[in-house]
>>> print(open('run37.txt').read())   # compact mmCIF, C-alpha atoms and all ligand atoms
# COMPACT_ATOMS: atom_id res chain seq x y z
CA MET W 1 0.00 0.00 0.00
CA ASN W 2 1.53 3.33 -1.03
CA CYS W 3 1.55 6.54 1.06
CA LYS W 4 -1.11 8.27 -1.09
CA ARG W 5 -3.53 5.39 -0.65
CA VAL W 6 -2.79 5.24 3.09
CA ARG W 7 -3.62 8.93 3.55
CA LEU W 8 -6.79 8.62 1.50
CA LEU W 9 -7.98 5.70 3.62
CA LEU W 10 -7.06 7.49 6.84
CA SER W 11 -9.21 10.46 5.80
CA GLN W 12 -12.27 8.26 5.43
CA GLU W 13 -14.52 7.65 8.37
CA PRO W 14 -14.34 5.03 9.64
CA ALA W 15 -10.94 4.21 8.15
CA GLN W 16 -10.92 1.00 6.11
CA ASN W 17 -8.29 -1.76 6.11
CA ARG W 18 -7.24 -0.78 9.63
CA GLY W 19 -4.71 -3.64 10.05
CA GLU W 20 -2.86 -2.84 6.87
CA LEU W 21 -2.89 0.88 7.68
CA ASP W 22 -1.39 0.30 11.12
CA ARG W 23 1.41 -1.81 9.65
CA HIS W 24 2.21 1.02 7.20
CA LEU W 25 2.10 3.68 9.92
CA ASP W 26 4.55 1.65 12.02
CA ARG W 27 7.25 1.94 9.43
CA CYS W 28 6.41 5.24 7.60
CA ARG W 29 7.15 8.37 9.64
CA ALA W 30 5.61 10.79 7.10
CA CYS W 31 2.26 8.99 7.17
CA GLY W 32 2.51 8.70 10.96
CA ALA W 33 2.84 12.50 11.15
CA PHE W 34 -0.08 12.87 8.77
CA ALA W 35 -2.27 10.57 10.88
CA GLU W 36 -1.41 12.59 13.98
CA ARG W 37 -2.28 15.89 12.32
CA LEU W 38 -5.51 14.42 11.03
CA GLU W 39 -6.48 13.28 14.50
CA ARG W 40 -5.66 16.72 15.95
CA ALA W 41 -7.74 18.43 13.24
CA ARG W 42 -10.69 16.17 14.00
CA GLU W 43 -10.35 16.90 17.68
CA ALA W 44 -10.23 20.64 16.97
CA LEU W 45 -13.42 20.37 14.93
CA ARG W 46 -15.07 18.31 17.65
CA ASP W 47 -14.13 20.93 20.24
CA HIS W 48 -14.93 23.88 17.98
CA HIS W 49 -17.36 25.36 20.39
CA ALA W 50 -17.80 28.80 21.85
CA GLY W 51 -18.86 27.48 25.25
CA ALA W 52 -21.69 30.01 25.42
CA GLU W 53 -24.30 29.56 28.14
CA PRO W 54 -27.64 31.32 28.59
CA ASP W 55 -27.88 33.57 31.64
CA SER W 56 -30.86 33.53 34.00
CA ALA W 57 -32.61 36.41 32.20
CA PHE W 58 -32.44 34.89 28.72
CA SER W 59 -36.02 33.58 28.63
CA ALA W 60 -37.30 36.97 29.87
CA ARG W 61 -35.50 38.70 26.99
CA VAL W 62 -37.12 36.28 24.53
CA ILE W 63 -40.59 36.79 26.02
CA ALA W 64 -40.18 40.58 25.85
CA ARG W 65 -39.62 40.29 22.09
CA LEU W 66 -42.57 37.98 21.31
CA PRO W 67 -45.18 39.45 18.99
CA ARG W 68 -48.72 39.10 20.34
CA ARG W 69 -50.58 35.99 19.27
CA SER W 70 -54.36 35.83 19.02
CA PRO W 71 -55.78 33.14 21.29
CA THR W 72 -56.55 29.65 19.99
CA VAL W 73 -60.31 30.22 20.25
CA GLY W 74 -59.95 33.02 17.72
CA TRP W 75 -58.08 30.76 15.34
CA ALA W 76 -60.62 27.98 15.80
CA ALA W 77 -63.42 30.42 14.98
CA LEU W 78 -61.56 31.60 11.88
CA ARG W 79 -61.00 28.03 10.75
CA LEU W 80 -64.75 27.37 11.13
CA LEU W 81 -65.64 30.46 9.08
CA PRO W 82 -66.28 28.59 5.77
CA ILE W 83 -68.54 26.07 7.54
CA THR W 84 -70.43 28.84 9.34
CA THR W 85 -70.93 30.74 6.07
CA ALA W 86 -72.17 27.62 4.27
CA LEU W 87 -74.64 26.90 7.09
CA LEU W 88 -75.99 30.45 6.97
CA LEU W 89 -76.44 30.20 3.18
CA VAL W 90 -78.34 26.90 3.49
CA LEU W 91 -80.57 28.33 6.21
CA SER W 92 -81.31 31.50 4.19
CA ALA W 93 -82.17 29.42 1.11
CA TRP W 94 -84.49 27.20 3.15
CA VAL W 95 -86.30 30.16 4.67
CA TRP W 96 -86.59 31.90 1.28
CA LEU W 97 -87.89 28.80 -0.59
CA GLY W 98 -90.32 27.93 2.19
CA THR W 99 -92.02 31.36 2.08
CA LYS W 100 -94.84 32.06 -0.44
CA PRO W 101 -94.19 34.86 -2.96
CA PRO W 102 -96.09 38.16 -2.30
CA SER W 103 -98.45 37.64 -5.32
CA GLU W 104 -99.84 34.41 -3.77
CA MET W 105 -100.32 36.20 -0.50
CA VAL W 106 -102.54 38.85 -2.14
CA ALA W 107 -104.58 36.49 -4.39
CA SER W 108 -105.71 34.10 -1.66
CA GLY W 109 -106.43 34.32 1.99
CA PRO W 110 -109.04 36.21 3.89
CA THR W 111 -108.53 39.52 2.10
CA ASP W 112 -111.37 39.02 -0.49
CA ASP W 113 -113.74 37.79 2.20
CA LEU W 114 -112.88 40.74 4.32
CA VAL W 115 -113.64 43.18 1.51
CA GLY W 116 -116.92 41.34 0.81
CA TRP W 117 -117.89 41.39 4.43
CA VAL W 118 -117.15 45.11 4.69
CA LEU W 119 -119.16 45.84 1.52
CA GLN W 120 -121.98 43.54 2.63
CA GLY W 121 -122.04 45.13 6.05
CA ALA W 122 -122.18 48.55 4.46
CA SER W 123 -125.10 47.65 2.22
CA GLU W 124 -127.16 46.15 5.09
CA MET Z 1 -51.57 31.14 41.14
CA SER Z 2 -49.28 31.50 38.11
CA ASN Z 3 -49.74 29.36 35.03
CA THR Z 4 -46.32 27.83 35.57
CA ALA Z 5 -47.41 26.66 39.03
CA ILE Z 6 -50.57 25.13 37.55
CA TRP Z 7 -48.62 23.15 34.92
CA THR Z 8 -46.20 22.01 37.57
CA MET Z 9 -49.11 20.68 39.61
CA ALA Z 10 -50.76 19.16 36.54
CA LEU Z 11 -47.58 17.45 35.42
CA GLY Z 12 -46.22 16.62 38.83
CA GLU Z 13 -42.66 17.58 39.91
CA ASP Z 14 -41.26 14.21 38.88
CA VAL Z 15 -42.51 14.23 35.34
CA ARG Z 16 -41.78 17.91 34.77
CA GLU Z 17 -38.78 16.89 32.71
CA ALA Z 18 -40.82 14.41 30.70
CA LYS Z 19 -41.32 15.04 27.02
CA ASP Z 20 -45.09 14.98 27.51
CA GLY Z 21 -44.68 18.27 29.34
CA ASP Z 22 -43.45 19.88 26.14
CA ALA Z 23 -46.67 18.94 24.36
CA LEU Z 24 -48.73 20.56 27.09
CA LEU Z 25 -46.62 23.71 27.00
CA VAL Z 26 -46.74 23.86 23.19
CA ALA Z 27 -50.53 23.64 23.28
CA ALA Z 28 -50.73 26.48 25.81
CA ALA Z 29 -48.21 28.59 23.87
CA ARG Z 30 -50.20 28.09 20.69
CA GLY Z 31 -53.12 29.63 22.51
CA GLY Z 32 -51.02 32.75 23.06
CA ASP Z 33 -49.74 31.87 26.54
CA ASP Z 34 -46.28 33.41 26.61
CA GLU Z 35 -45.58 32.10 30.11
CA ALA Z 36 -45.91 28.56 28.75
CA PHE Z 37 -43.55 29.50 25.97
CA GLY Z 38 -41.12 30.93 28.52
CA GLU Z 39 -41.05 27.53 30.19
CA LEU Z 40 -40.27 25.90 26.84
CA VAL Z 41 -37.42 28.39 26.36
CA ARG Z 42 -35.97 27.55 29.78
CA ARG Z 43 -36.19 23.83 29.04
CA HIS Z 44 -34.36 24.02 25.72
CA GLN Z 45 -32.14 27.11 25.90
CA ARG Z 46 -28.95 25.28 26.87
CA ARG Z 47 -29.19 22.94 23.92
CA VAL Z 48 -29.85 25.86 21.54
CA PHE Z 49 -26.85 27.79 22.90
CA ARG Z 50 -24.65 24.73 22.58
CA LEU Z 51 -25.62 24.18 18.96
CA ALA Z 52 -25.29 27.86 18.00
CA GLY Z 53 -21.93 27.95 19.78
CA ARG Z 54 -20.59 25.47 17.22
CA PHE Z 55 -20.83 28.07 14.49
CA PHE Z 56 -20.31 31.39 16.23
CA LYS Z 57 -17.59 32.49 18.54
CA ARG Z 58 -18.87 35.59 20.27
CA GLN Z 59 -21.36 35.49 23.16
CA GLU Z 60 -23.35 38.32 21.57
CA GLU Z 61 -23.75 36.42 18.34
CA VAL Z 62 -24.69 33.14 20.00
CA GLU Z 63 -27.30 35.01 22.06
CA ASP Z 64 -28.66 36.65 18.88
CA VAL Z 65 -29.04 33.32 17.10
CA ALA Z 66 -30.61 31.73 20.17
CA GLN Z 67 -33.16 34.57 20.45
CA GLU Z 68 -33.88 34.35 16.73
CA THR Z 69 -34.42 30.59 17.09
CA PHE Z 70 -37.04 31.02 19.80
CA LEU Z 71 -38.77 33.90 18.01
CA GLN Z 72 -39.01 31.78 14.86
CA ALA Z 73 -40.30 28.87 16.93
CA TRP Z 74 -43.01 31.13 18.41
CA ARG Z 75 -44.08 32.31 14.95
CA LYS Z 76 -44.05 28.83 13.43
CA LEU Z 77 -45.49 26.95 16.39
CA ASP Z 78 -48.62 26.10 14.39
CA THR Z 79 -46.47 24.11 11.92
CA TYR Z 80 -45.10 21.83 14.66
CA ARG Z 81 -46.64 18.36 14.50
CA ALA Z 82 -46.49 16.41 17.72
CA ARG Z 83 -45.44 13.21 15.90
CA ALA Z 84 -41.77 14.06 16.55
CA PRO Z 85 -40.39 15.39 19.87
CA PHE Z 86 -40.47 19.17 20.21
CA GLU Z 87 -36.68 19.10 20.73
CA HIS Z 88 -36.12 17.74 17.20
CA TRP Z 89 -38.35 20.38 15.67
CA LEU Z 90 -36.60 23.13 17.62
CA THR Z 91 -33.19 21.79 16.57
CA ARG Z 92 -34.28 22.16 12.98
CA VAL Z 93 -35.45 25.74 13.54
CA CYS Z 94 -32.14 26.52 15.28
CA LEU Z 95 -30.08 24.95 12.49
CA ASN Z 96 -31.90 27.03 9.89
CA CYS Z 97 -31.16 30.21 11.86
CA CYS Z 98 -27.50 29.20 12.24
CA TYR Z 99 -27.17 28.27 8.59
CA GLY Z 100 -28.53 31.58 7.29
CA ARG Z 101 -26.22 33.59 9.50
CA PHE Z 102 -23.21 31.29 9.02
CA ARG Z 103 -23.40 31.71 5.24
CA LYS Z 104 -23.54 35.48 5.61
CA ARG Z 105 -20.81 35.59 8.23
CA LYS Z 106 -18.43 33.43 6.21
CA GLY Z 107 -18.62 35.93 3.39
CA ASP Z 108 -17.59 38.78 5.68
CA ASP Z 109 -13.89 38.91 6.32
CA LEU Z 110 -14.21 39.39 10.05
CA PRO Z 111 -11.29 38.88 12.39
CA LEU Z 112 -11.43 35.82 14.61
CA GLU Z 113 -12.87 37.13 17.81
CA TYR Z 114 -13.31 34.93 20.83
CA ASP Z 115 -14.71 36.34 24.00
CA LEU Z 116 -15.84 32.99 25.33
CA PRO Z 117 -14.03 30.18 27.04
CA SER Z 118 -13.69 27.47 24.40
CA ALA Z 119 -13.94 23.75 24.95
CA ALA Z 120 -10.66 23.54 23.01
CA PRO Z 121 -8.04 24.93 25.39
CA ASP Z 122 -5.22 24.41 22.91
CA PRO Z 123 -4.89 27.65 20.88
CA THR Z 124 -2.99 25.84 18.12
CA ALA Z 125 -5.82 23.36 17.69
CA ARG Z 126 -8.30 26.22 17.68
CA LEU Z 127 -6.39 28.10 14.98
CA GLU Z 128 -6.04 24.89 13.00
CA ALA Z 129 -9.80 24.39 13.08
CA GLU Z 130 -10.35 28.00 11.98
CA ARG Z 131 -7.88 27.60 9.15
CA LEU Z 132 -9.54 24.43 7.91
CA LEU Z 133 -13.04 25.84 8.16
CA GLY Z 134 -11.99 29.08 6.50
CA ALA Z 135 -10.72 27.13 3.49
CA LEU Z 136 -14.05 25.39 2.95
CA ALA Z 137 -17.22 26.55 1.20
CA PRO Z 138 -19.78 27.65 3.83
CA ASP Z 139 -22.11 24.71 3.23
CA ASP Z 140 -19.24 22.21 3.44
CA ALA Z 141 -17.91 23.80 6.64
CA PHE Z 142 -21.40 23.71 8.13
CA VAL Z 143 -21.77 19.99 7.41
CA LEU Z 144 -18.25 19.25 8.69
CA LEU Z 145 -18.99 20.95 12.01
CA LEU Z 146 -22.13 18.88 12.44
CA LEU Z 147 -20.35 15.65 11.49
CA HIS Z 148 -17.46 16.15 13.90
CA GLY Z 149 -18.94 18.51 16.45
CA GLU Z 150 -22.34 16.95 17.01
CA GLY Z 151 -21.23 13.52 15.86
CA TRP Z 152 -24.30 13.20 13.65
CA SER Z 153 -24.47 10.82 10.70
CA VAL Z 154 -25.13 11.97 7.13
CA ALA Z 155 -28.72 10.73 7.47
CA GLU Z 156 -29.24 12.65 10.73
CA ILE Z 157 -27.83 15.88 9.27
CA ALA Z 158 -30.02 15.51 6.17
CA GLU Z 159 -33.12 14.96 8.27
CA ARG Z 160 -32.43 17.86 10.64
CA LEU Z 161 -31.45 20.34 7.93
CA GLY Z 162 -34.20 19.24 5.57
CA TRP Z 163 -31.59 18.58 2.87
CA SER Z 164 -31.34 15.46 0.71
CA ARG Z 165 -28.94 12.75 1.86
CA ALA Z 166 -27.12 12.96 -1.47
CA ASN Z 167 -26.51 16.69 -0.91
CA VAL Z 168 -25.11 16.16 2.60
CA LYS Z 169 -23.03 13.20 1.41
CA VAL Z 170 -21.45 15.23 -1.40
CA ARG Z 171 -20.63 18.11 0.98
CA ALA Z 172 -19.22 15.78 3.64
CA HIS Z 173 -17.07 14.03 1.05
CA ARG Z 174 -15.81 17.33 -0.37
CA ALA Z 175 -15.03 18.71 3.08
CA ARG Z 176 -13.09 15.60 4.10
CA LYS Z 177 -11.20 15.59 0.83
CA LYS Z 178 -10.25 19.24 1.33
CA LEU Z 179 -9.21 18.51 4.91
CA GLN Z 180 -6.96 15.73 3.68
CA LYS Z 181 -5.47 17.99 1.00
CA LEU Z 182 -4.73 20.79 3.45
CA LEU Z 183 -3.09 18.40 5.87
CA MET Z 184 -1.04 16.78 3.10
CA GLU Z 185 0.23 20.21 2.07
CA THR Z 186 1.38 21.06 5.56
CA SER Z 187 2.73 17.66 6.58
CA SER Z 188 4.75 16.82 3.47
ZN ZN U 1 3.60 6.40 4.07
>>> encode(input="run37.txt", output="structure tokens", more="lines below")
Ligand SMILES: [Zn+2]
Amino acid sequence: MNCKRVRLLLSQEPAQNRGELDRHLDRCRACGAFAERLERAREALRDHHAGAEPDSAFSARVIARLPRRSPTVGWAALRLLPITTALLLVLSAWVWLGTKPPSEMVASGPTDDLVGWVLQGASE
Amino acid sequence: MSNTAIWTMALGEDVREAKDGDALLVAAARGGDDEAFGELVRRHQRRVFRLAGRFFKRQEEVEDVAQETFLQAWRKLDTYRARAPFEHWLTRVCLNCCYGRFRKRKGDDLPLEYDLPSAAPDPTARLEAERLLGALAPDDAFVLLLLHGEGWSVAEIAERLGWSRANVKVRAHRARKKLQKLLMETSS
């Protein structure tokens, strides 16, 4: 196994052909140095961390910045709006269809009798 | 009695830490209860700071990203589906905030400023990490930090960033290749 191949395999995670790699590293100082640097770089990336911690007032600062949210009931009502509208339409249609048109109201009913009775009463 | 006290009673001291508690708090926060949301912030703030601290070095910047994460979470709370733990959803929101800022920051040629105690006490190792990350494209550096820093797999990174596995795999491969090249240059 040549040095180029060794370094390529070392860079993979997890490194393949571990036994063969170790045998090469035992006798090749340049690759040994490379493996050490690689390990240090990986460690540095693993520890690449600012170590920041929230203080006790952090949540209060977040809350102070929250935009106001309308309560759930409001949202529920809004979500039900199409259903409410549809129900209202159905109800209106039912009321409208179930009512006699004004012409029918005039032609029938007690109105003629009433006129007759008035006229009759007047002639008596 | 405060709302927090009522939840504590409802949940019981022992199960306060339980994940179920998050669901209860999320439901209350969705209804506009900012005290419930404050409790969610306190439960998850350390994790958010830790994650943001992977990408940013100054306390002020980590705090900014953490605040942005929780503000986004508040705005998008209606999109959270309780199928997955709240923590996973919040991690995704946080990663999106970090990613947007990280891309912008990498473009700026800002000096390396640390005002925080780092987990890496060795300044040489710290500079080495900066050098490596500085040589990578922002997306590749971002993936590399998650691979090594968080120890996540390609599949986990893809799921949490909402990227395809192929995309993460390509970036991880490219970042490792570049890492190898940089080390070869300096160790030959
Ligand atoms: Zn060799």
>>> residues_near_ligand(input="run37.txt", ligand="ligand ZN 1 (chain U)", cutoff="6 Å", atoms="only C-alpha atoms and all ligand atoms", output="ChimeraX atom specification")
/W:3,28,30-31
>>> write_last_selection(input="run37.txt", atoms="C-alpha atoms", output="PDB file, in the coordinates of the input")
ATOM      1  CA  CYS W   3       1.550   6.540   1.060  1.00  0.00           C
ATOM      2  CA  CYS W  28       6.410   5.240   7.600  1.00  0.00           C
ATOM      3  CA  ALA W  30       5.610  10.790   7.100  1.00  0.00           C
ATOM      4  CA  CYS W  31       2.260   8.990   7.170  1.00  0.00           C
TER       5      CYS W  31
END
>>> residues_around(input="run37.txt", residues="stretch 133-138 of chain Z", least_positions_apart="3", cutoff="6 Å", atoms="only C-alpha atoms", output="list in words")
Arg103, Glu130 and Ala141 of chain Z
>>> write_last_selection(input="run37.txt", atoms="C-alpha atoms", output="PDB file, in the coordinates of the input")
ATOM      1  CA  ARG Z 103     -23.400  31.710   5.240  1.00  0.00           C
ATOM      2  CA  GLU Z 130     -10.350  28.000  11.980  1.00  0.00           C
ATOM      3  CA  ALA Z 141     -17.910  23.800   6.640  1.00  0.00           C
TER       4      ALA Z 141
END
>>> atom_distance(input="run37.txt", atom1="atom CA of W:Glu20", atom2="atom CA of W:Arg7")
12.3 Å
>>> interface_residues(input="run37.txt", of="chain Z", to="chain W", cutoff="7 Å", atoms="all atoms listed in the file", output="ChimeraX atom specification")
/Z:30-32,34,38,41-42,45-46,49-50,53-54,56-57,59,62,67,71,116-120,125-126,128-129,145,148-149,176,180,183-184,187
>>> atom_distance(input="run37.txt", atom1="atom CA of Z:Gly100", atom2="atom CA of Z:Glu63")
15.2 Å
>>> atom_distance(input="run37.txt", atom1="atom CA of Z:Tyr99", atom2="atom CA of W:Glu39")
26.2 Å
>>> closest_residue(input="run37.txt", among="Z:Leu132, Z:Arg47, Z:Ala66, Z:Phe86", to="Z:Gly21", atoms="only C-alpha atoms")
Z:Phe86
